[in-house]
file target.pdb (PDB, C-alpha atoms, pLDDT in the B column)
ATOM      1  CA  MET A   1       0.000   0.000   0.000  1.00 65.00           C
ATOM      2  CA  GLY A   2       1.536   3.268  -1.113  1.00 75.00           C
ATOM      3  CA  ILE A   3       0.339   6.828  -0.805  1.00 75.00           C
ATOM      4  CA  ASP A   4      -2.196   7.949  -3.371  1.00 79.00           C
ATOM      5  CA  LEU A   5      -0.369  11.013  -4.646  1.00 76.00           C
ATOM      6  CA  LYS A   6      -3.078  11.867  -7.171  1.00 78.00           C
ATOM      7  CA  ALA A   7      -5.632  12.141  -4.396  1.00 77.00           C
ATOM      8  CA  GLY A   8      -3.514  14.702  -2.615  1.00 76.00           C
ATOM      9  CA  GLY A   9      -0.726  12.708  -0.977  1.00 77.00           C
ATOM     10  CA  ARG A  10      -0.013  12.818   2.733  1.00 78.00           C
ATOM     11  CA  ARG A  11      -1.668  15.332   5.020  1.00 76.00           C
ATOM     12  CA  THR A  12       1.284  17.498   5.936  1.00 77.00           C
ATOM     13  CA  GLY A  13       1.364  20.831   7.680  1.00 76.00           C
ATOM     14  CA  HIS A  14      -1.370  19.872  10.152  1.00 76.00           C
ATOM     15  CA  LYS A  15       0.610  19.842  13.386  1.00 76.00           C
ATOM     16  CA  SER A  16      -1.434  20.307  16.512  1.00 78.00           C
ATOM     17  CA  SER A  17      -1.341  23.748  18.091  1.00 77.00           C
ATOM     18  CA  MET A  18      -0.278  22.037  21.338  1.00 82.00           C
ATOM     19  CA  ARG A  19       2.993  21.040  19.685  1.00 85.00           C
ATOM     20  CA  VAL A  20       3.614  24.168  17.628  1.00 84.00           C
ATOM     21  CA  VAL A  21       2.468  27.468  19.131  1.00 89.00           C
ATOM     22  CA  LYS A  22       0.469  29.145  16.381  1.00 87.00           C
ATOM     23  CA  THR A  23      -0.201  32.527  17.972  1.00 90.00           C
ATOM     24  CA  LYS A  24       2.068  35.426  17.051  1.00 92.00           C
ATOM     25  CA  ASN A  25       1.062  37.409  20.158  1.00 94.00           C
ATOM     26  CA  PRO A  26       4.224  37.614  22.335  1.00 96.00           C
ATOM     27  CA  TYR A  27       2.206  37.958  25.574  1.00 95.00           C
ATOM     28  CA  ASN A  28       0.171  34.838  24.837  1.00 96.00           C
ATOM     29  CA  ARG A  29       3.342  32.944  23.916  1.00 96.00           C
ATOM     30  CA  LEU A  30       4.836  33.856  27.312  1.00 97.00           C
ATOM     31  CA  LEU A  31       1.658  32.742  29.100  1.00 97.00           C
ATOM     32  CA  ILE A  32       1.811  29.417  27.248  1.00 96.00           C
ATOM     33  CA  LYS A  33       5.438  29.027  28.381  1.00 96.00           C
ATOM     34  CA  LEU A  34       4.484  29.805  31.985  1.00 97.00           C
ATOM     35  CA  TYR A  35       1.496  27.432  32.137  1.00 97.00           C
ATOM     36  CA  LYS A  36       3.405  24.710  30.292  1.00 95.00           C
ATOM     37  CA  PHE A  37       5.989  24.869  33.092  1.00 96.00           C
ATOM     38  CA  LEU A  38       3.314  24.916  35.815  1.00 96.00           C
ATOM     39  CA  SER A  39       1.368  21.994  34.367  1.00 95.00           C
ATOM     40  CA  ARG A  40       4.584  19.974  34.050  1.00 95.00           C
ATOM     41  CA  ARG A  41       5.907  20.732  37.519  1.00 95.00           C
ATOM     42  CA  THR A  42       2.615  20.524  39.443  1.00 93.00           C
ATOM     43  CA  ASP A  43       0.008  17.789  39.204  1.00 90.00           C
ATOM     44  CA  SER A  44      -2.679  20.454  38.808  1.00 94.00           C
ATOM     45  CA  LYS A  45      -5.508  19.726  36.377  1.00 96.00           C
ATOM     46  CA  PHE A  46      -6.298  23.452  36.450  1.00 97.00           C
ATOM     47  CA  CYS A  47      -2.942  24.420  34.899  1.00 97.00           C
ATOM     48  CA  ALA A  48      -3.279  21.737  32.218  1.00 96.00           C
ATOM     49  CA  THR A  49      -6.779  22.984  31.308  1.00 96.00           C
ATOM     50  CA  VAL A  50      -5.666  26.632  31.183  1.00 97.00           C
ATOM     51  CA  LEU A  51      -2.734  25.626  28.972  1.00 96.00           C
ATOM     52  CA  LYS A  52      -5.038  23.720  26.632  1.00 95.00           C
ATOM     53  CA  ARG A  53      -7.363  26.717  26.368  1.00 96.00           C
ATOM     54  CA  LEU A  54      -4.488  29.167  25.791  1.00 96.00           C
ATOM     55  CA  HIS A  55      -3.598  27.127  22.704  1.00 94.00           C
ATOM     56  CA  MET A  56      -7.119  27.401  21.298  1.00 93.00           C
ATOM     57  CA  SER A  57      -8.066  29.546  18.331  1.00 90.00           C
ATOM     58  CA  LYS A  58     -10.001  32.761  18.851  1.00 90.00           C
ATOM     59  CA  VAL A  59     -13.286  31.112  17.797  1.00 88.00           C
ATOM     60  CA  ASN A  60     -12.818  28.636  20.650  1.00 91.00           C
ATOM     61  CA  GLN A  61     -12.103  31.397  23.195  1.00 94.00           C
ATOM     62  CA  PRO A  62     -15.532  33.061  23.236  1.00 94.00           C
ATOM     63  CA  PRO A  63     -15.987  36.207  25.346  1.00 95.00           C
ATOM     64  CA  ILE A  64     -18.180  36.241  28.447  1.00 96.00           C
ATOM     65  CA  GLY A  65     -20.454  39.100  29.485  1.00 96.00           C
ATOM     66  CA  LEU A  66     -20.509  40.596  32.995  1.00 96.00           C
ATOM     67  CA  ASN A  67     -24.106  39.489  33.582  1.00 95.00           C
ATOM     68  CA  ARG A  68     -23.353  35.811  32.902  1.00 95.00           C
ATOM     69  CA  LEU A  69     -20.152  36.096  34.932  1.00 96.00           C
ATOM     70  CA  ALA A  70     -22.037  37.565  37.920  1.00 95.00           C
ATOM     71  CA  LYS A  71     -24.629  34.773  37.656  1.00 95.00           C
ATOM     72  CA  TYR A  72     -21.931  32.080  37.753  1.00 96.00           C
ATOM     73  CA  MET A  73     -20.165  33.757  40.686  1.00 95.00           C
ATOM     74  CA  THR A  74     -23.160  34.046  43.057  1.00 95.00           C
ATOM     75  CA  ASN A  75     -22.439  32.423  46.452  1.00 94.00           C
ATOM     76  CA  LYS A  76     -18.756  32.066  45.559  1.00 93.00           C
ATOM     77  CA  ASP A  77     -17.237  34.714  47.820  1.00 92.00           C
ATOM     78  CA  GLY A  78     -13.457  34.756  48.037  1.00 92.00           C
ATOM     79  CA  LYS A  79     -13.069  32.842  44.771  1.00 96.00           C
ATOM     80  CA  THR A  80     -11.511  34.132  41.564  1.00 97.00           C
ATOM     81  CA  ALA A  81     -13.277  33.682  38.226  1.00 97.00           C
ATOM     82  CA  VAL A  82     -10.859  32.522  35.521  1.00 98.00           C
ATOM     83  CA  ILE A  83     -11.735  33.023  31.853  1.00 97.00           C
ATOM     84  CA  VAL A  84      -9.363  32.190  29.010  1.00 97.00           C
ATOM     85  CA  GLY A  85     -10.895  34.856  26.811  1.00 96.00           C
ATOM     86  CA  LYS A  86     -12.224  38.388  27.052  1.00 96.00           C
ATOM     87  CA  VAL A  87     -14.664  39.840  29.582  1.00 97.00           C
ATOM     88  CA  THR A  88     -17.177  42.248  28.059  1.00 96.00           C
ATOM     89  CA  ASP A  89     -19.573  44.736  29.634  1.00 96.00           C
ATOM     90  CA  ASP A  90     -23.316  44.178  29.820  1.00 94.00           C
ATOM     91  CA  VAL A  91     -25.370  47.373  29.828  1.00 94.00           C
ATOM     92  CA  ARG A  92     -28.529  45.439  30.800  1.00 93.00           C
ATOM     93  CA  MET A  93     -27.040  44.734  34.239  1.00 93.00           C
ATOM     94  CA  LEU A  94     -27.675  47.694  36.511  1.00 93.00           C
ATOM     95  CA  GLU A  95     -25.164  47.041  39.263  1.00 93.00           C
ATOM     96  CA  CYS A  96     -22.089  44.876  39.171  1.00 94.00           C
ATOM     97  CA  PRO A  97     -21.299  42.772  42.271  1.00 95.00           C
ATOM     98  CA  LYS A  98     -17.855  42.719  43.849  1.00 95.00           C
ATOM     99  CA  MET A  99     -15.782  39.910  42.305  1.00 95.00           C
ATOM    100  CA  SER A 100     -12.237  38.968  41.486  1.00 97.00           C
ATOM    101  CA  VAL A 101     -11.762  38.133  37.790  1.00 97.00           C
ATOM    102  CA  CYS A 102      -8.780  36.846  35.835  1.00 98.00           C
ATOM    103  CA  ALA A 103      -9.002  36.965  32.034  1.00 98.00           C
ATOM    104  CA  LEU A 104      -6.938  37.436  28.883  1.00 97.00           C
ATOM    105  CA  GLY A 105      -8.541  40.818  28.350  1.00 97.00           C
ATOM    106  CA  PHE A 106     -11.261  43.193  29.538  1.00 97.00           C
ATOM    107  CA  THR A 107     -13.191  45.817  27.636  1.00 97.00           C
ATOM    108  CA  GLU A 108     -12.644  49.284  29.044  1.00 97.00           C
ATOM    109  CA  SER A 109     -16.163  49.587  30.478  1.00 96.00           C
ATOM    110  CA  ALA A 110     -16.103  46.083  31.984  1.00 97.00           C
ATOM    111  CA  ARG A 111     -12.813  46.828  33.788  1.00 97.00           C
ATOM    112  CA  LYS A 112     -14.221  50.137  35.107  1.00 97.00           C
ATOM    113  CA  ARG A 113     -17.372  48.480  36.450  1.00 96.00           C
ATOM    114  CA  ILE A 114     -15.551  45.591  38.153  1.00 97.00           C
ATOM    115  CA  GLU A 115     -13.084  47.959  39.832  1.00 97.00           C
ATOM    116  CA  ALA A 116     -15.821  50.462  40.790  1.00 96.00           C
ATOM    117  CA  ALA A 117     -17.636  47.642  42.609  1.00 96.00           C
ATOM    118  CA  GLY A 118     -14.482  46.977  44.672  1.00 96.00           C
ATOM    119  CA  GLY A 119     -13.436  43.914  42.679  1.00 96.00           C
ATOM    120  CA  GLU A 120     -10.154  43.236  40.917  1.00 96.00           C
ATOM    121  CA  CYS A 121      -9.100  42.460  37.344  1.00 97.00           C
ATOM    122  CA  LEU A 122      -6.131  40.079  37.203  1.00 97.00           C
ATOM    123  CA  THR A 123      -3.917  38.910  34.379  1.00 97.00           C
ATOM    124  CA  PHE A 124      -2.793  35.286  34.113  1.00 97.00           C
ATOM    125  CA  ASP A 125       0.757  36.009  35.303  1.00 95.00           C
ATOM    126  CA  GLN A 126      -0.678  37.674  38.429  1.00 97.00           C
ATOM    127  CA  LEU A 127      -2.906  34.633  38.932  1.00 97.00           C
ATOM    128  CA  ALA A 128       0.109  32.310  38.628  1.00 97.00           C
ATOM    129  CA  LEU A 129       1.716  34.154  41.569  1.00 97.00           C
ATOM    130  CA  LYS A 130      -1.504  34.289  43.604  1.00 96.00           C
ATOM    131  CA  ALA A 131      -2.774  30.732  42.932  1.00 95.00           C
ATOM    132  CA  PRO A 132      -0.252  28.632  40.994  1.00 95.00           C
ATOM    133  CA  LYS A 133      -2.356  25.476  41.318  1.00 95.00           C
ATOM    134  CA  GLY A 134      -5.680  27.241  40.820  1.00 94.00           C
ATOM    135  CA  THR A 135      -6.858  27.041  44.420  1.00 95.00           C
ATOM    136  CA  ASN A 136     -10.061  29.020  45.117  1.00 96.00           C
ATOM    137  CA  THR A 137     -10.709  29.643  41.448  1.00 97.00           C
ATOM    138  CA  VAL A 138     -13.723  28.999  39.237  1.00 97.00           C
ATOM    139  CA  LEU A 139     -12.794  28.158  35.644  1.00 97.00           C
ATOM    140  CA  LEU A 140     -15.443  29.516  33.269  1.00 97.00           C
ATOM    141  CA  ARG A 141     -15.970  29.955  29.540  1.00 94.00           C
ATOM    142  CA  GLY A 142     -18.355  32.042  27.465  1.00 92.00           C
ATOM    143  CA  PRO A 143     -21.108  30.713  25.207  1.00 91.00           C
ATOM    144  CA  LYS A 144     -19.978  29.453  21.825  1.00 87.00           C
ATOM    145  CA  SER A 145     -22.058  31.180  19.180  1.00 81.00           C
ATOM    146  CA  ARG A 146     -20.580  30.501  15.776  1.00 79.00           C
ATOM    147  CA  SER A 147     -23.081  30.513  12.914  1.00 83.00           C
ATOM    148  CA  ALA A 148     -21.700  27.175  11.654  1.00 82.00           C
ATOM    149  CA  LEU A 149     -22.825  25.454  14.876  1.00 83.00           C
ATOM    150  CA  ALA A 150     -26.464  25.751  13.731  1.00 84.00           C
ATOM    151  CA  HIS A 151     -25.756  23.102  11.085  1.00 85.00           C
ATOM    152  CA  PHE A 152     -24.092  20.497  13.339  1.00 82.00           C
ATOM    153  CA  GLY A 153     -26.930  18.757  15.181  1.00 76.00           C
ATOM    154  CA  HIS A 154     -26.885  17.171  18.615  1.00 71.00           C
ATOM    155  CA  SER A 155     -23.670  15.614  19.805  1.00 69.00           C
ATOM    156  CA  THR A 156     -25.458  12.433  20.859  1.00 69.00           C
ATOM    157  CA  SER A 157     -25.392   9.602  18.344  1.00 72.00           C
ATOM    158  CA  VAL A 158     -26.425   9.124  14.737  1.00 69.00           C
ATOM    159  CA  THR A 159     -29.068   6.559  15.712  1.00 74.00           C
ATOM    160  CA  ASN A 160     -30.758   8.946  18.153  1.00 76.00           C
ATOM    161  CA  PRO A 161     -34.098  10.088  16.640  1.00 76.00           C
ATOM    162  CA  HIS A 162     -33.475  13.675  17.793  1.00 76.00           C
ATOM    163  CA  THR A 163     -30.023  14.034  16.254  1.00 77.00           C
ATOM    164  CA  HIS A 164     -31.327  16.048  13.305  1.00 74.00           C
ATOM    165  CA  ASP A 165     -34.174  17.944  15.029  1.00 77.00           C
ATOM    166  CA  GLY A 166     -34.007  21.655  14.416  1.00 77.00           C
ATOM    167  CA  VAL A 167     -30.700  21.394  12.577  1.00 82.00           C
ATOM    168  CA  LYS A 168     -30.258  24.011   9.925  1.00 83.00           C
ATOM    169  CA  PRO A 169     -29.765  22.472   6.480  1.00 83.00           C
ATOM    170  CA  TYR A 170     -27.128  23.767   4.083  1.00 88.00           C
ATOM    171  CA  VAL A 171     -29.507  25.178   1.464  1.00 89.00           C
ATOM    172  CA  ARG A 172     -28.611  26.978  -1.745  1.00 90.00           C
ATOM    173  CA  SER A 173     -31.507  29.366  -1.249  1.00 91.00           C
ATOM    174  CA  ASN A 174     -34.440  29.865   1.127  1.00 88.00           C
ATOM    175  CA  GLY A 175     -37.182  30.017  -1.495  1.00 90.00           C
ATOM    176  CA  ARG A 176     -40.411  28.086  -2.061  1.00 89.00           C
ATOM    177  CA  LYS A 177     -38.689  25.440  -4.194  1.00 89.00           C
ATOM    178  CA  PHE A 178     -35.859  24.490  -1.835  1.00 90.00           C
ATOM    179  CA  GLU A 179     -36.034  21.638   0.709  1.00 85.00           C
ATOM    180  CA  ARG A 180     -39.770  21.890   1.296  1.00 87.00           C
ATOM    181  CA  ALA A 181     -40.879  18.335   0.414  1.00 88.00           C
ATOM    182  CA  ARG A 182     -39.711  15.018   1.915  1.00 86.00           C
ATOM    183  CA  GLY A 183     -38.740  15.414   5.545  1.00 82.00           C
ATOM    184  CA  ARG A 184     -40.404  18.807   5.794  1.00 83.00           C
ATOM    185  CA  ARG A 185     -44.103  17.849   5.489  1.00 88.00           C
ATOM    186  CA  ARG A 186     -46.195  15.066   6.970  1.00 89.00           C
ATOM    187  CA  SER A 187     -47.795  14.461   3.563  1.00 92.00           C
ATOM    188  CA  LYS A 188     -44.393  13.737   2.034  1.00 90.00           C
ATOM    189  CA  GLY A 189     -43.082  10.861   4.107  1.00 88.00           C
ATOM    190  CA  PHE A 190     -42.121  12.454   7.423  1.00 84.00           C
ATOM    191  CA  LYS A 191     -41.472  15.770   9.086  1.00 84.00           C
ATOM    192  CA  ILE A 192     -38.577  16.894  11.257  1.00 74.00           C
TER     193      ILE A 192
END

call {"tool": "encode", "arguments": {"input": "target.pdb", "output": "structure tokens"}}
result
Amino acid sequence: MGIDLKAGGRRTGHKSSMRVVKTKNPYNRLLIKLYKFLSRRTDSKFCATVLKRLHMSKVNQPPIGLNRLAKYMTNKDGKTAVIVGKVTDDVRMLECPKMSVCALGFTESARKRIEAAGGECLTFDQLALKAPKGTNTVLLRGPKSRSALAHFGHSTSVTNPHTHDGVKPYVRSNGRKFERARGRRRSKGFKI
């Protein structure tokens, strides 16, 4: 068995981001170095998870709003929220509670509101000094909302009857003539 060169040959140039750091941002590269060291030298699952998330692409580091953050941090006094991503402001929230937050970045208004409420905004290198093993921290992530996710279906199994419920089809157009028959009407076989 050889390699079918006509069909495109070997898949090269697909090294995992965990082996080759893809980001060009010097600050993120330093954070990866720091957490790589910490996850190697401590047996902390927290450091390993943070390292894994630092390697992720921007699409997989969704931002989190202050309102959602405050909801997750209720009854967690004295703990630090850790987000590998950006923290954004939420104008719908009238008053921001006091909380300690560590993130890759903050919008200007979010930082102002957290600090005005008596909280603190930490960077990951400050967190590494304060809690190297992630003690008293709550690791959070924002909601993933990529338009492509609407097409993917449930992550259950192919045999599950609800796998394709409410999954957006890839349609050339949204007109009267497109994907309106079998599978879309009871009179034409079945409807999902």

call {"tool": "closest_atom_pairs", "arguments": {"input": "target.pdb", "of": "segment 66-179 of chain A", "to": "segment 3-27 of chain A", "cutoff": "12 Å", "atoms": "all atoms listed in the file", "output": "tab-separated table"}}
result
residue	atom	partner	partner_atom	distance
A:Leu104	CA	A:Tyr27	CA	9.7
A:Gly105	CA	A:Tyr27	CA	11.5
A:Thr123	CA	A:Tyr27	CA	10.8
A:Phe124	CA	A:Tyr27	CA	10.2
A:Asp125	CA	A:Tyr27	CA	10.0

call {"tool": "resolve_selection", "arguments": {"input": "target.pdb", "expression": "the PyMOL selection byres ((chain A and resi 62-74) around 8)", "output": "ChimeraX atom specification"}}
result
/A:58-61,75-77,81,83,85-90,92-93,96-97,99,110,141-145

call {"tool": "closest_residue", "arguments": {"input": "target.pdb", "among": "A:Leu149, A:Gly134, A:Asp165, A:Val82", "to": "Ala48 of chain A", "atoms": "all atoms listed in the file"}}
result
A:Gly134

call {"tool": "residues_around", "arguments": {"input": "target.pdb", "residues": "Glu115 of chain A", "least_positions_apart": "3", "cutoff": "12 Å", "atoms": "all atoms listed in the file", "output": "VMD selection string"}}
result
chain A and resid 96 to 101 106 108 to 112 118 to 122

call {"tool": "closest_residue", "arguments": {"input": "target.pdb", "among": "A:Leu38, A:Val138, A:Ile114, A:Ala103", "to": "Gly78 of chain A", "atoms": "all atoms listed in the file"}}
result
A:Val138

call {"tool": "atom_distance", "arguments": {"input": "target.pdb", "atom1": "atom CA of Asn160 of chain A", "atom2": "atom CA of Ser173 of chain A"}}
result
28.2 Å

call {"tool": "resolve_selection", "arguments": {"input": "target.pdb", "expression": "the PyMOL selection byres ((chain A and resi 164) around 8)", "output": "ChimeraX atom specification"}}
result
/A:153-154,161-163,165-167,192

call {"tool": "atom_distance", "arguments": {"input": "target.pdb", "atom1": "atom CA of Lys168 of chain A", "atom2": "atom CA of Ser57 of chain A"}}
result
24.4 Å

call {"tool": "closest_residue", "arguments": {"input": "target.pdb", "among": "A:Glu179, A:Ile32, A:Arg40, A:Val171", "to": "Lys52 of chain A", "atoms": "all atoms listed in the file"}}
result
A:Ile32

call {"tool": "atom_distance", "arguments": {"input": "target.pdb", "atom1": "atom CA of Thr135 of chain A", "atom2": "atom CA of Ser44 of chain A"}}
result
9.6 Å

call {"tool": "build_atoms", "arguments": {"input": "target.pdb", "residues": "segment 171-190 of chain A", "atoms": "N, CA, C and O atoms", "output": "PDB file, in the frame of the given file"}}
result
ATOM      1  N   VAL A 171     -28.615  25.005   2.603  1.00 89.00           N
ATOM      2  CA  VAL A 171     -29.507  25.178   1.464  1.00 89.00           C
ATOM      3  C   VAL A 171     -28.959  26.260   0.550  1.00 89.00           C
ATOM      4  O   VAL A 171     -28.438  27.271   1.027  1.00 89.00           O
ATOM      5  N   ARG A 172     -29.110  26.009  -0.770  1.00 90.00           N
ATOM      6  CA  ARG A 172     -28.611  26.978  -1.745  1.00 90.00           C
ATOM      7  C   ARG A 172     -29.369  28.290  -1.616  1.00 90.00           C
ATOM      8  O   ARG A 172     -28.823  29.369  -1.758  1.00 90.00           O
ATOM      9  N   SER A 173     -30.688  28.178  -1.363  1.00 91.00           N
ATOM     10  CA  SER A 173     -31.507  29.366  -1.249  1.00 91.00           C
ATOM     11  C   SER A 173     -32.668  29.067  -0.303  1.00 91.00           C
ATOM     12  O   SER A 173     -32.953  27.913  -0.017  1.00 91.00           O
ATOM     13  N   ASN A 174     -33.359  30.094   0.177  1.00 88.00           N
ATOM     14  CA  ASN A 174     -34.440  29.865   1.127  1.00 88.00           C
ATOM     15  C   ASN A 174     -35.821  29.993   0.494  1.00 88.00           C
ATOM     16  O   ASN A 174     -36.792  30.288   1.169  1.00 88.00           O
ATOM     17  N   GLY A 175     -35.913  29.792  -0.799  1.00 90.00           N
ATOM     18  CA  GLY A 175     -37.182  30.017  -1.495  1.00 90.00           C
ATOM     19  C   GLY A 175     -38.175  28.879  -1.356  1.00 90.00           C
ATOM     20  O   GLY A 175     -37.947  27.878  -0.666  1.00 90.00           O
ATOM     21  N   ARG A 176     -39.308  29.040  -2.081  1.00 89.00           N
ATOM     22  CA  ARG A 176     -40.411  28.086  -2.061  1.00 89.00           C
ATOM     23  C   ARG A 176     -39.990  26.717  -2.571  1.00 89.00           C
ATOM     24  O   ARG A 176     -40.505  25.687  -2.127  1.00 89.00           O
ATOM     25  N   LYS A 177     -39.024  26.695  -3.504  1.00 89.00           N
ATOM     26  CA  LYS A 177     -38.689  25.440  -4.194  1.00 89.00           C
ATOM     27  C   LYS A 177     -37.588  24.635  -3.503  1.00 89.00           C
ATOM     28  O   LYS A 177     -37.190  23.602  -3.999  1.00 89.00           O
ATOM     29  N   PHE A 178     -37.055  25.119  -2.397  1.00 90.00           N
ATOM     30  CA  PHE A 178     -35.859  24.490  -1.835  1.00 90.00           C
ATOM     31  C   PHE A 178     -36.155  23.770  -0.520  1.00 90.00           C
ATOM     32  O   PHE A 178     -36.622  24.395   0.434  1.00 90.00           O
ATOM     33  N   GLU A 179     -35.901  22.474  -0.495  1.00 85.00           N
ATOM     34  CA  GLU A 179     -36.034  21.638   0.709  1.00 85.00           C
ATOM     35  C   GLU A 179     -37.362  21.852   1.430  1.00 85.00           C
ATOM     36  O   GLU A 179     -37.401  22.144   2.614  1.00 85.00           O
ATOM     37  N   ARG A 180     -38.459  21.708   0.692  1.00 87.00           N
ATOM     38  CA  ARG A 180     -39.770  21.890   1.296  1.00 87.00           C
ATOM     39  C   ARG A 180     -40.624  20.619   1.184  1.00 87.00           C
ATOM     40  O   ARG A 180     -41.787  20.630   1.505  1.00 87.00           O
ATOM     41  N   ALA A 181     -40.049  19.519   0.654  1.00 88.00           N
ATOM     42  CA  ALA A 181     -40.879  18.335   0.414  1.00 88.00           C
ATOM     43  C   ALA A 181     -40.592  17.243   1.427  1.00 88.00           C
ATOM     44  O   ALA A 181     -40.966  17.360   2.592  1.00 88.00           O
ATOM     45  N   ARG A 182     -39.915  16.168   1.043  1.00 86.00           N
ATOM     46  CA  ARG A 182     -39.711  15.018   1.915  1.00 86.00           C
ATOM     47  C   ARG A 182     -38.908  15.423   3.145  1.00 86.00           C
ATOM     48  O   ARG A 182     -37.851  16.041   3.034  1.00 86.00           O
ATOM     49  N   GLY A 183     -39.441  15.050   4.314  1.00 82.00           N
ATOM     50  CA  GLY A 183     -38.740  15.414   5.545  1.00 82.00           C
ATOM     51  C   GLY A 183     -39.170  16.746   6.100  1.00 82.00           C
ATOM     52  O   GLY A 183     -38.809  17.113   7.211  1.00 82.00           O
ATOM     53  N   ARG A 184     -39.947  17.496   5.321  1.00 83.00           N
ATOM     54  CA  ARG A 184     -40.404  18.807   5.794  1.00 83.00           C
ATOM     55  C   ARG A 184     -41.927  18.880   5.925  1.00 83.00           C
ATOM     56  O   ARG A 184     -42.458  19.864   6.423  1.00 83.00           O
ATOM     57  N   ARG A 185     -42.643  17.849   5.406  1.00 88.00           N
ATOM     58  CA  ARG A 185     -44.103  17.849   5.489  1.00 88.00           C
ATOM     59  C   ARG A 185     -44.585  16.441   5.801  1.00 88.00           C
ATOM     60  O   ARG A 185     -44.021  15.466   5.302  1.00 88.00           O
ATOM     61  N   ARG A 186     -45.620  16.358   6.623  1.00 89.00           N
ATOM     62  CA  ARG A 186     -46.195  15.066   6.970  1.00 89.00           C
ATOM     63  C   ARG A 186     -46.679  14.326   5.716  1.00 89.00           C
ATOM     64  O   ARG A 186     -46.595  13.118   5.616  1.00 89.00           O
ATOM     65  N   SER A 187     -47.233  15.074   4.760  1.00 92.00           N
ATOM     66  CA  SER A 187     -47.795  14.461   3.563  1.00 92.00           C
ATOM     67  C   SER A 187     -46.726  13.885   2.641  1.00 92.00           C
ATOM     68  O   SER A 187     -47.039  13.140   1.717  1.00 92.00           O
ATOM     69  N   LYS A 188     -45.483  14.212   2.884  1.00 90.00           N
ATOM     70  CA  LYS A 188     -44.393  13.737   2.034  1.00 90.00           C
ATOM     71  C   LYS A 188     -43.434  12.868   2.857  1.00 90.00           C
ATOM     72  O   LYS A 188     -42.283  13.229   3.057  1.00 90.00           O
ATOM     73  N   GLY A 189     -43.950  11.801   3.399  1.00 88.00           N
ATOM     74  CA  GLY A 189     -43.082  10.861   4.107  1.00 88.00           C
ATOM     75  C   GLY A 189     -42.998  11.118   5.598  1.00 88.00           C
ATOM     76  O   GLY A 189     -43.582  10.416   6.395  1.00 88.00           O
ATOM     77  N   PHE A 190     -42.290  12.154   6.000  1.00 84.00           N
ATOM     78  CA  PHE A 190     -42.121  12.454   7.423  1.00 84.00           C
ATOM     79  C   PHE A 190     -41.763  13.919   7.589  1.00 84.00           C
ATOM     80  O   PHE A 190     -41.462  14.609   6.613  1.00 84.00           O
TER      81      PHE A 190
END
